[in-house]
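Structure file upload_39.pdb (PDB, C-alpha atoms) is printed below.
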ATOM      1  CA  MET A1076       0.000   0.000   0.000  1.00  0.00           C
ATOM      2  CA  ILE A1077       1.324   3.419  -0.957  1.00  0.00           C
ATOM      3  CA  THR A1078       1.609   5.902   1.894  1.00  0.00           C
ATOM      4  CA  LEU A1079       0.216   9.402   1.701  1.00  0.00           C
ATOM      5  CA  LYS A1080       3.757  10.823   1.826  1.00  0.00           C
ATOM      6  CA  ILE A1081       4.795   8.864  -1.280  1.00  0.00           C
ATOM      7  CA  LYS A1082       1.583   9.849  -3.088  1.00  0.00           C
ATOM      8  CA  LYS A1083       2.363  13.503  -2.403  1.00  0.00           C
ATOM      9  CA  GLU A1084       5.921  13.007  -3.652  1.00  0.00           C
ATOM     10  CA  ILE A1085       4.602  11.439  -6.882  1.00  0.00           C
ATOM     11  CA  PHE A1086       2.146  14.338  -7.236  1.00  0.00           C
ATOM     12  CA  THR A1087       4.913  16.909  -6.783  1.00  0.00           C
ATOM     13  CA  LEU A1088       7.289  15.185  -9.196  1.00  0.00           C
ATOM     14  CA  TRP A1089       4.637  14.765 -11.912  1.00  0.00           C
ATOM     15  CA  PHE A1090       2.452  17.863 -11.712  1.00  0.00           C
ATOM     16  CA  ILE A1091       4.944  20.447 -10.402  1.00  0.00           C
ATOM     17  CA  LYS A1092       8.430  19.348 -11.453  1.00  0.00           C
ATOM     18  CA  ARG A1093       7.190  17.598 -14.650  1.00  0.00           C
ATOM     19  CA  TYR A1094       9.279  14.419 -14.273  1.00  0.00           C
ATOM     20  CA  LYS A1095       8.479  11.493 -16.525  1.00  0.00           C
ATOM     21  CA  LYS A1096       6.799   8.426 -15.064  1.00  0.00           C
ATOM     22  CA  ARG A1097       9.915   6.342 -15.596  1.00  0.00           C
ATOM     23  CA  GLU A1098      12.057   8.885 -13.714  1.00  0.00           C
ATOM     24  CA  ILE A1099       9.582   8.974 -10.838  1.00  0.00           C
ATOM     25  CA  SER A1100       9.503   5.197 -10.582  1.00  0.00           C
ATOM     26  CA  ARG A1101      13.306   5.017 -10.576  1.00  0.00           C
ATOM     27  CA  ASN A1102      13.698   7.786  -7.998  1.00  0.00           C
ATOM     28  CA  LEU A1103      11.106   6.395  -5.603  1.00  0.00           C
ATOM     29  CA  ASN A1104      11.755   2.709  -6.371  1.00  0.00           C
ATOM     30  CA  ILE A1105       8.102   2.115  -7.249  1.00  0.00           C
ATOM     31  CA  SER A1106       6.692   0.371 -10.308  1.00  0.00           C
ATOM     32  CA  ARG A1107       5.559   2.532 -13.209  1.00  0.00           C
ATOM     33  CA  GLY A1108       2.101   0.993 -12.957  1.00  0.00           C
ATOM     34  CA  THR A1109       1.761   2.227  -9.392  1.00  0.00           C
ATOM     35  CA  VAL A1110       3.011   5.673 -10.380  1.00  0.00           C
ATOM     36  CA  ASP A1111       0.460   5.722 -13.204  1.00  0.00           C
ATOM     37  CA  LYS A1112      -2.381   4.734 -10.828  1.00  0.00           C
ATOM     38  CA  VAL A1113      -1.498   7.527  -8.395  1.00  0.00           C
ATOM     39  CA  ILE A1114      -1.309  10.079 -11.223  1.00  0.00           C
ATOM     40  CA  LYS A1115      -4.691   8.988 -12.618  1.00  0.00           C
ATOM     41  CA  GLU A1116      -6.201   9.156  -9.133  1.00  0.00           C
ATOM     42  CA  CYS A1117      -4.880  12.721  -8.744  1.00  0.00           C
ATOM     43  CA  GLN A1118      -6.175  13.725 -12.179  1.00  0.00           C
ATOM     44  CA  HIS A1119      -9.590  12.353 -11.275  1.00  0.00           C
ATOM     45  CA  ARG A1120      -9.596  14.327  -8.012  1.00  0.00           C
ATOM     46  CA  ILE A1121      -8.591  17.536  -9.861  1.00  0.00           C
ATOM     47  CA  ARG A1122     -11.550  17.082 -12.230  1.00  0.00           C
ATOM     48  CA  ALA A1123     -13.880  16.254  -9.322  1.00  0.00           C
ATOM     49  CA  LEU A1124     -12.830  19.430  -7.484  1.00  0.00           C
ATOM     50  CA  ASN A1125     -13.465  21.545 -10.628  1.00  0.00           C
ATOM     51  CA  LEU A1126     -10.200  23.425 -10.214  1.00  0.00           C
ATOM     52  CA  PRO A1127      -9.564  26.095 -12.864  1.00  0.00           C
ATOM     53  CA  PHE A1128      -6.860  25.423 -15.424  1.00  0.00           C
ATOM     54  CA  ASN A1129      -4.477  28.102 -14.079  1.00  0.00           C
ATOM     55  CA  THR A1130      -4.766  27.025 -10.427  1.00  0.00           C
ATOM     56  CA  ASP A1131      -1.655  26.498  -8.339  1.00  0.00           C
ATOM     57  CA  LEU A1132      -1.978  22.764  -7.744  1.00  0.00           C
ATOM     58  CA  LEU A1133       0.625  22.715  -4.981  1.00  0.00           C
ATOM     59  CA  SER A1134      -1.608  24.873  -2.793  1.00  0.00           C
ATOM     60  CA  HIS A1135      -4.426  22.292  -3.184  1.00  0.00           C
ATOM     61  CA  ILE A1136      -2.245  19.219  -2.605  1.00  0.00           C
ATOM     62  CA  ASP A1137      -4.119  18.198   0.569  1.00  0.00           C
ATOM     63  CA  ASP A1138      -7.427  18.224  -1.316  1.00  0.00           C
ATOM     64  CA  ILE A1139      -6.077  16.395  -4.346  1.00  0.00           C
ATOM     65  CA  VAL A1140      -3.892  13.735  -2.753  1.00  0.00           C
ATOM     66  CA  ILE A1141      -5.922  11.763  -0.264  1.00  0.00           C
ATOM     67  CA  ALA A1142      -5.236   8.618   1.697  1.00  0.00           C
ATOM     68  CA  SER A1143      -6.625   5.381   0.344  1.00  0.00           C
ATOM     69  CA  SER A1144      -9.989   4.427   1.781  1.00  0.00           C
ATOM     70  CA  ILE A1145      -9.287   0.727   1.430  1.00  0.00           C
ATOM     71  CA  ASN A1146      -7.664  -0.953   4.396  1.00  0.00           C
ATOM     72  CA  ARG A1147      -7.003  -4.515   3.398  1.00  0.00           C
ATOM     73  CA  LYS A1148      -5.730  -6.958   5.897  1.00  0.00           C
ATOM     74  CA  ARG A1149      -4.882 -10.333   4.534  1.00  0.00           C
ATOM     75  CA  LYS A1150      -5.728 -13.340   6.571  1.00  0.00           C
ATOM     76  CA  PRO A1151      -3.208 -16.148   6.364  1.00  0.00           C
ATOM     77  CA  TYR A1152      -4.555 -19.380   4.992  1.00  0.00           C
ATOM     78  CA  LYS A1153      -4.697 -22.053   7.636  1.00  0.00           C
ATOM     79  CA  LEU A1154      -5.313 -25.288   5.855  1.00  0.00           C
ATOM     80  CA  THR A1155      -6.022 -28.398   7.846  1.00  0.00           C
ATOM     81  CA  SER A1156      -3.880 -31.476   7.423  1.00  0.00           C
ATOM     82  CA  GLU A1157      -6.918 -33.214   5.921  1.00  0.00           C
ATOM     83  CA  THR A1158      -7.247 -30.526   3.239  1.00  0.00           C
ATOM     84  CA  LEU A1159      -3.535 -30.713   2.442  1.00  0.00           C
ATOM     85  CA  SER A1160      -3.647 -34.506   2.154  1.00  0.00           C
ATOM     86  CA  VAL A1161      -6.661 -34.357  -0.205  1.00  0.00           C
ATOM     87  CA  ILE A1162      -4.846 -31.834  -2.425  1.00  0.00           C
ATOM     88  CA  GLU A1163      -1.707 -33.986  -2.369  1.00  0.00           C
ATOM     89  CA  GLU A1164      -3.688 -37.097  -3.355  1.00  0.00           C
ATOM     90  CA  MET A1165      -5.326 -35.169  -6.203  1.00  0.00           C
ATOM     91  CA  VAL A1166      -1.986 -33.926  -7.516  1.00  0.00           C
ATOM     92  CA  ILE A1167      -0.346 -37.368  -7.274  1.00  0.00           C
ATOM     93  CA  HIS A1168      -3.286 -38.966  -9.091  1.00  0.00           C
ATOM     94  CA  ASN A1169      -3.147 -36.259 -11.749  1.00  0.00           C
ATOM     95  CA  GLU A1170       0.623 -36.699 -12.192  1.00  0.00           C
ATOM     96  CA  LYS A1171       0.058 -40.427 -12.788  1.00  0.00           C
ATOM     97  CA  LEU A1172      -2.497 -39.534 -15.461  1.00  0.00           C
ATOM     98  CA  VAL A1173      -0.058 -37.079 -17.035  1.00  0.00           C
ATOM     99  CA  SER A1174       2.727 -39.679 -17.114  1.00  0.00           C
ATOM    100  CA  VAL A1175       0.578 -42.053 -19.185  1.00  0.00           C
ATOM    101  CA  ALA A1176      -0.751 -39.201 -21.378  1.00  0.00           C
ATOM    102  CA  SER A1177      -4.351 -39.730 -20.312  1.00  0.00           C
ATOM    103  CA  GLU A1178      -7.052 -37.398 -21.580  1.00  0.00           C
ATOM    104  CA  ASP A1179      -8.410 -37.220 -18.025  1.00  0.00           C
ATOM    105  CA  ALA A1180      -5.317 -35.346 -16.818  1.00  0.00           C
ATOM    106  CA  LYS A1181      -6.034 -31.779 -15.746  1.00  0.00           C
ATOM    107  CA  ASN A1182      -4.001 -28.608 -15.642  1.00  0.00           C
ATOM    108  CA  THR A1183      -3.618 -26.772 -12.321  1.00  0.00           C
ATOM    109  CA  LYS A1184      -6.538 -24.432 -12.958  1.00  0.00           C
ATOM    110  CA  GLU A1185      -8.840 -27.349 -13.715  1.00  0.00           C
ATOM    111  CA  LEU A1186      -7.591 -29.121 -10.589  1.00  0.00           C
ATOM    112  CA  PHE A1187      -8.418 -26.042  -8.523  1.00  0.00           C
ATOM    113  CA  GLU A1188     -11.927 -25.808  -9.971  1.00  0.00           C
ATOM    114  CA  TYR A1189     -12.469 -29.530  -9.401  1.00  0.00           C
ATOM    115  CA  PHE A1190     -11.269 -29.196  -5.815  1.00  0.00           C
ATOM    116  CA  GLN A1191     -13.523 -26.193  -5.160  1.00  0.00           C
ATOM    117  CA  LYS A1192     -16.656 -27.875  -6.564  1.00  0.00           C
ATOM    118  CA  LYS A1193     -16.414 -31.614  -6.078  1.00  0.00           C
ATOM    119  CA  GLN A1194     -14.474 -31.837  -2.844  1.00  0.00           C
ATOM    120  CA  LYS A1195     -16.727 -29.347  -1.103  1.00  0.00           C
ATOM    121  CA  LYS A1196     -19.732 -31.547  -1.869  1.00  0.00           C
ATOM    122  CA  GLU A1197     -18.044 -34.815  -0.939  1.00  0.00           C
ATOM    123  CA  LYS A1198     -16.210 -33.556   2.153  1.00  0.00           C
ATOM    124  CA  PRO A1199     -17.836 -30.389   3.500  1.00  0.00           C
ATOM    125  CA  ASN A1200     -15.305 -29.937   6.331  1.00  0.00           C
ATOM    126  CA  LEU A1201     -12.445 -29.200   3.906  1.00  0.00           C
ATOM    127  CA  VAL A1202     -11.082 -25.665   3.770  1.00  0.00           C
ATOM    128  CA  THR A1203     -11.769 -24.387   0.240  1.00  0.00           C
ATOM    129  CA  ASP A1204     -11.763 -20.618   0.675  1.00  0.00           C
ATOM    130  CA  PHE A1205      -8.263 -19.826  -0.542  1.00  0.00           C
ATOM    131  CA  SER A1206      -6.959 -18.256  -3.722  1.00  0.00           C
ATOM    132  CA  ILE A1207      -5.903 -20.002  -6.878  1.00  0.00           C
ATOM    133  CA  ASP A1208      -2.428 -18.497  -6.437  1.00  0.00           C
ATOM    134  CA  TYR A1209      -2.057 -20.274  -3.115  1.00  0.00           C
ATOM    135  CA  PHE A1210      -3.292 -23.488  -4.738  1.00  0.00           C
ATOM    136  CA  TYR A1211      -0.682 -23.085  -7.494  1.00  0.00           C
ATOM    137  CA  LYS A1212       1.984 -22.698  -4.815  1.00  0.00           C
ATOM    138  CA  LEU A1213       0.836 -25.858  -3.040  1.00  0.00           C
ATOM    139  CA  VAL A1214       0.735 -27.828  -6.286  1.00  0.00           C
ATOM    140  CA  ARG A1215       4.234 -26.634  -7.194  1.00  0.00           C
ATOM    141  CA  GLU A1216       5.567 -27.765  -3.803  1.00  0.00           C
ATOM    142  CA  ILE A1217       3.902 -31.166  -4.163  1.00  0.00           C
ATOM    143  CA  LYS A1218       5.256 -31.601  -7.699  1.00  0.00           C
ATOM    144  CA  VAL A1219       8.779 -30.775  -6.500  1.00  0.00           C
ATOM    145  CA  LYS A1220       8.459 -33.495  -3.843  1.00  0.00           C
ATOM    146  CA  ILE A1221       7.177 -35.936  -6.461  1.00  0.00           C
ATOM    147  CA  HIS A1222      10.055 -35.205  -8.827  1.00  0.00           C
ATOM    148  CA  GLU A1223      12.617 -35.559  -6.023  1.00  0.00           C
ATOM    149  CA  ASN A1224      11.218 -38.700  -4.388  1.00  0.00           C
ATOM    150  CA  GLY A1225       9.113 -40.233  -7.164  1.00  0.00           C
ATOM    151  CA  ILE A1226       5.440 -41.117  -7.014  1.00  0.00           C
TER     152      ILE A1226
END

Give the structure from this file in structure tokens form.
Amino acid sequence: MITLKIKKEIFTLWFIKRYKKREISRNLNISRGTVDKVIKECQHRIRALNLPFNTDLLSHIDDIVIASSINRKRKPYKLTSETLSVIEEMVIHNEKLVSVASEDAKNTKELFEYFQKKQKKEKPNLVTDFSIDYFYKLVREIKVKIHENGI
């Protein structure tokens, strides 16, 4: 999350000092996409405030650059050992299907969708409310174990 201080610095460098986005991202060590989002947010606020074209923007910086209203707090995923073992069994079974070039083999996205739908119906006490990115990470770890130790 970008702090208000950094947003104001981006505002000053772009609107007042006329730096390029690439220069701002290098100076502040922030991605150009983030710099672009902050600039667009500021431009939107300037339009919303109906500031005249010749206005000194620096004097209105507190009105233009505002803190983000979103306060996200991520909850760590706490998967039960039962959920992990079911995922591991699925991946091992799928890897066996892949090794024999079966048409029933699934990619990781299909495995995730299968896990979300089927496993929830069959075993309702499984934890299924985690992201696909976390599932990809788990599958990668299981595949590394399989490749090191064999099936």

Could you state which residues are captured by the PyMOL selection byres ((chain A and resi 1097) around 12) in this file, as a PyMOL selection string? chain A and resi 1085+1088-1089+1093-1096+1098-1111

Please enumerate the residues selected by the PyMOL selection byres ((chain A and resi 1165-1177) around 8) when evaluated against the supplied file, formatted as a ChimeraX atom specification. /A:1161-1164,1178-1181,1186,1214,1217-1218,1221,1226

Mind telling me what the PyMOL selection byres ((chain A and resi 1135) around 12) catches here, as a ChimeraX atom specification? /A:1083,1086-1087,1090-1091,1117,1120-1121,1124-1127,1130-1134,1136-1141

Between atom CA of A:Lys1082 and atom CA of A:Ser1144 - distance in Å to one decimal: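 Computing it gives 13.7 Å between the two atoms.
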
Got a sec to check which residues sit within 8 Å of (-10.1, -24.6, -5.1), counting all atoms listed in the file, and write them as a compact mmCIF listing (two decimals) with C-alpha atoms, in the coordinates of the input?
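Result file is result.txt:
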# COMPACT_ATOMS: atom_id res chain seq x y z
CA LEU A 1186 -7.59 -29.12 -10.59
CA PHE A 1187 -8.42 -26.04 -8.52
CA GLU A 1188 -11.93 -25.81 -9.97
CA TYR A 1189 -12.47 -29.53 -9.40
CA PHE A 1190 -11.27 -29.20 -5.82
CA GLN A 1191 -13.52 -26.19 -5.16
CA LYS A 1192 -16.66 -27.88 -6.56
CA THR A 1203 -11.77 -24.39 0.24
CA ASP A 1204 -11.76 -20.62 0.68
CA PHE A 1205 -8.26 -19.83 -0.54
CA SER A 1206 -6.96 -18.26 -3.72
CA ILE A 1207 -5.90 -20.00 -6.88
CA PHE A 1210 -3.29 -23.49 -4.74

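Our summary of the geometry notes that atom CA of A:Glu1216 is positioned 22.4 Å from atom CA of A:Lys1193.
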
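Going from atom CA of A:Asn1224 to atom CA of A:Glu1185 covers 24.9 Å.
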